[in-house]
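Asks: Below: one structure in structure tokens.
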Amino acid sequence: MSQGPKCRVFLLGALLALGVAGCGLLPDVKDETAGWSAEQLYKNAHESMLDGNYTRAVKVFETLEARYPYGRYAQQAILESAFANWRANEQAAAIAAADRFIRTYPNHPNVDYAYYLKGLVYFREDQGLFGYVYELDLSERDPKSMRESFAAFKELAQKFPDSKYTEDAEQRMRYLTNALGMYEVHVARYYYARGAYIAAANRAQQALVSYPQTPCNEHALNVMERSYRQMGLTQLADDAHRILEKTYPQSVYIAGVPDKPWWKIW
């Protein structure tokens, strides 16, 4: 029993000695980019990005920024790392890089692309750059990203009306406006389905006021009419129907569909 503590001390010392010796057995992890110039780092990161290896591209771009924080390669590294992060599904990192570029180089010839890229990241963070604008119905998604996207595209259009990215940004803005309007209609329908007719009518009216002359108006008017009828507000319901009939004479809510009255079209 008296030798117990001594044994434990001996074993502990042996383990420590093995640990120290073991450290020498581990291979040295070498940084393959050690000694590379800014140009070499940029070229390697850029090629990795073109090859679709976005994770490596981001890592090398970050190395470039850390070692050579000034100069044209560092500037380009920030912008391209924003793109690479986006393609690697790192939305927050992509936005942070784009914002950093805008903040640090507000007069850079390519700053318009930073605004455009921000809009793209928020617009379709779950899709690739080459997906066509109208393939995805955004109207049932959380509107926060849509609003952020719209704001970025709007800033691009206002600050750089002659940018080569502005025309596409404006098309996306129109689509986002329609989608945001339809989002309001979806919320109004949600309230209606649960018997919250005042909330439904108010939300439908908000869609009309906030997004005039967009496709959502037809559906919003229908929700308003139905909600008012449920509340016994005949005059308001008739007014909504009259506007719907005048503005959308071919509306399915007026014509109906076979074997279904207009209030069962949904």
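Here's how to read the names in the structure tokens: chain A, B, ... by the order shown, residue numbers from 1 in each chain, ligand numbers from 1 in the order shown.
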Write out as a count of residues only all residues of stretch 53-216 of chain A that DSSP puts in helix (DSSP H, G or I) for this structure's backbone.

Replies: 120

Asks: Residues near A:Ile102, anyone? I mean within 8 Å using only C-alpha atoms, not counting same-chain ones fewer than 6 positions away, as a compact mmCIF listing (two decimals) with N, CA and C atoms, in the first residue's frame.

Replies:
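Output contents, as saved in result_14.txt:
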```txt
# COMPACT_ATOMS: atom_id res chain seq x y z
N VAL A 111 -17.09 48.14 -57.56
CA VAL A 111 -17.95 48.16 -56.36
C VAL A 111 -19.40 47.90 -56.72
N ALA A 114 -20.25 44.40 -56.14
CA ALA A 114 -20.44 44.03 -54.73
C ALA A 114 -21.90 44.21 -54.32
N TYR A 115 -22.51 45.32 -54.76
CA TYR A 115 -23.94 45.54 -54.47
C TYR A 115 -24.79 44.46 -55.17
```

Asks: Give me the residues within 10 Å of stretch 34-51 of chain A as a CSV table (one decimal) with C-alpha atoms, in the first residue's frame, counting only C-alpha atoms and dropping any in the same chain fewer than 3 places off.

Replies:
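What ended up in out04.csv:
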```
chain,number,residue,atom,x,y,z
A,30,LYS,CA,3.8,22.4,-43.6
A,31,ASP,CA,2.0,25.3,-45.2
A,54,TYR,CA,-14.9,27.2,-53.2
A,55,THR,CA,-13.7,26.1,-49.8
A,56,ARG,CA,-10.1,26.1,-50.8
A,57,ALA,CA,-10.5,29.4,-52.7
A,58,VAL,CA,-11.9,31.1,-49.6
A,59,LYS,CA,-9.0,29.8,-47.5
A,60,VAL,CA,-6.4,31.0,-49.9
A,61,PHE,CA,-8.1,34.3,-50.4
A,62,GLU,CA,-8.1,34.8,-46.6
A,63,THR,CA,-4.4,33.9,-46.5
A,64,LEU,CA,-3.7,36.5,-49.2
A,65,GLU,CA,-5.6,39.2,-47.3
A,67,ARG,CA,-0.3,38.4,-45.6
A,68,TYR,CA,-0.7,41.2,-48.2
A,69,PRO,CA,-3.5,43.4,-46.9
A,70,TYR,CA,-2.8,46.2,-49.4
A,71,GLY,CA,-2.8,46.3,-53.1
A,72,ARG,CA,-4.9,45.2,-56.0
A,73,TYR,CA,-4.7,41.5,-55.2
A,74,ALA,CA,-6.0,42.0,-51.7
A,76,GLN,CA,-9.8,41.5,-55.6
A,77,ALA,CA,-9.5,38.8,-53.0
A,80,GLU,CA,-13.9,37.1,-55.1
A,81,SER,CA,-14.1,35.6,-51.6
A,83,PHE,CA,-18.5,35.1,-54.5
A,84,ALA,CA,-16.7,32.0,-53.4
A,85,ASN,CA,-18.4,32.0,-50.0
A,87,ARG,CA,-21.2,29.5,-53.9
```

Asks: Determine, counting only C-alpha atoms, which protein, DNA and RNA residues have an atom within 7 Å of an atom of A:Gly119; residues of the same chain fewer than 2 positions away are not included. Present the result as a ChimeraX atom specification.

Replies: /A:115-117,121-123,149-150,152-153

Asks: I need the residue nearest A:Tyr211 from this list: A:Met231, A:Ala179, A:Ala199, A:Leu236. Use only C-alpha atoms for the distance.

Replies: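 Among A:Met231, A:Ala179, A:Ala199, A:Leu236, it is A:Ala179 that comes nearest to A:Tyr211.
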
Asks: Name the closest residue to A:Gln206 among the candidates A:Arg103, A:Gly181, A:His108, A:Leu176; distances are taken between atoms, counting only C-alpha atoms.

Replies: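 Closest candidate: A:Gly181.
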
Asks: Using only C-alpha atoms, which protein or nucleic acid residues come within 12 Å of A:Asp168? Drop anything in the same chain fewer than 3 positions from it, and give the result as a count of residues only.

Replies: 21

Asks: Hey, what's within 9 Å of A:Ser251 if we count only C-alpha atoms and toss same-chain stuff fewer than 6 positions away? As a PyMOL selection string, please?

Replies: chain A and resi 218+244-245

Asks: Give me a file of those residues, with N, CA, C and O atoms, as a PDB file, in the first residue's frame.

Replies:
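Everything below was put into selection_13.pdb:
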```pdb
ATOM      1  N   GLU A 218     -55.091  41.449 -57.667  1.00  0.00           N
ATOM      2  CA  GLU A 218     -56.280  40.659 -57.996  1.00  0.00           C
ATOM      3  C   GLU A 218     -56.663  39.762 -56.822  1.00  0.00           C
ATOM      4  O   GLU A 218     -57.840  39.703 -56.421  1.00  0.00           O
ATOM      5  N   LEU A 244     -62.538  44.823 -58.442  1.00  0.00           N
ATOM      6  CA  LEU A 244     -61.972  43.608 -59.020  1.00  0.00           C
ATOM      7  C   LEU A 244     -62.513  43.378 -60.425  1.00  0.00           C
ATOM      8  O   LEU A 244     -61.755  43.071 -61.361  1.00  0.00           O
ATOM      9  N   GLU A 245     -63.800  43.550 -60.585  1.00  0.00           N
ATOM     10  CA  GLU A 245     -64.446  43.319 -61.876  1.00  0.00           C
ATOM     11  C   GLU A 245     -63.968  44.321 -62.933  1.00  0.00           C
ATOM     12  O   GLU A 245     -63.753  43.959 -64.090  1.00  0.00           O
TER      13      GLU A 245
END
```
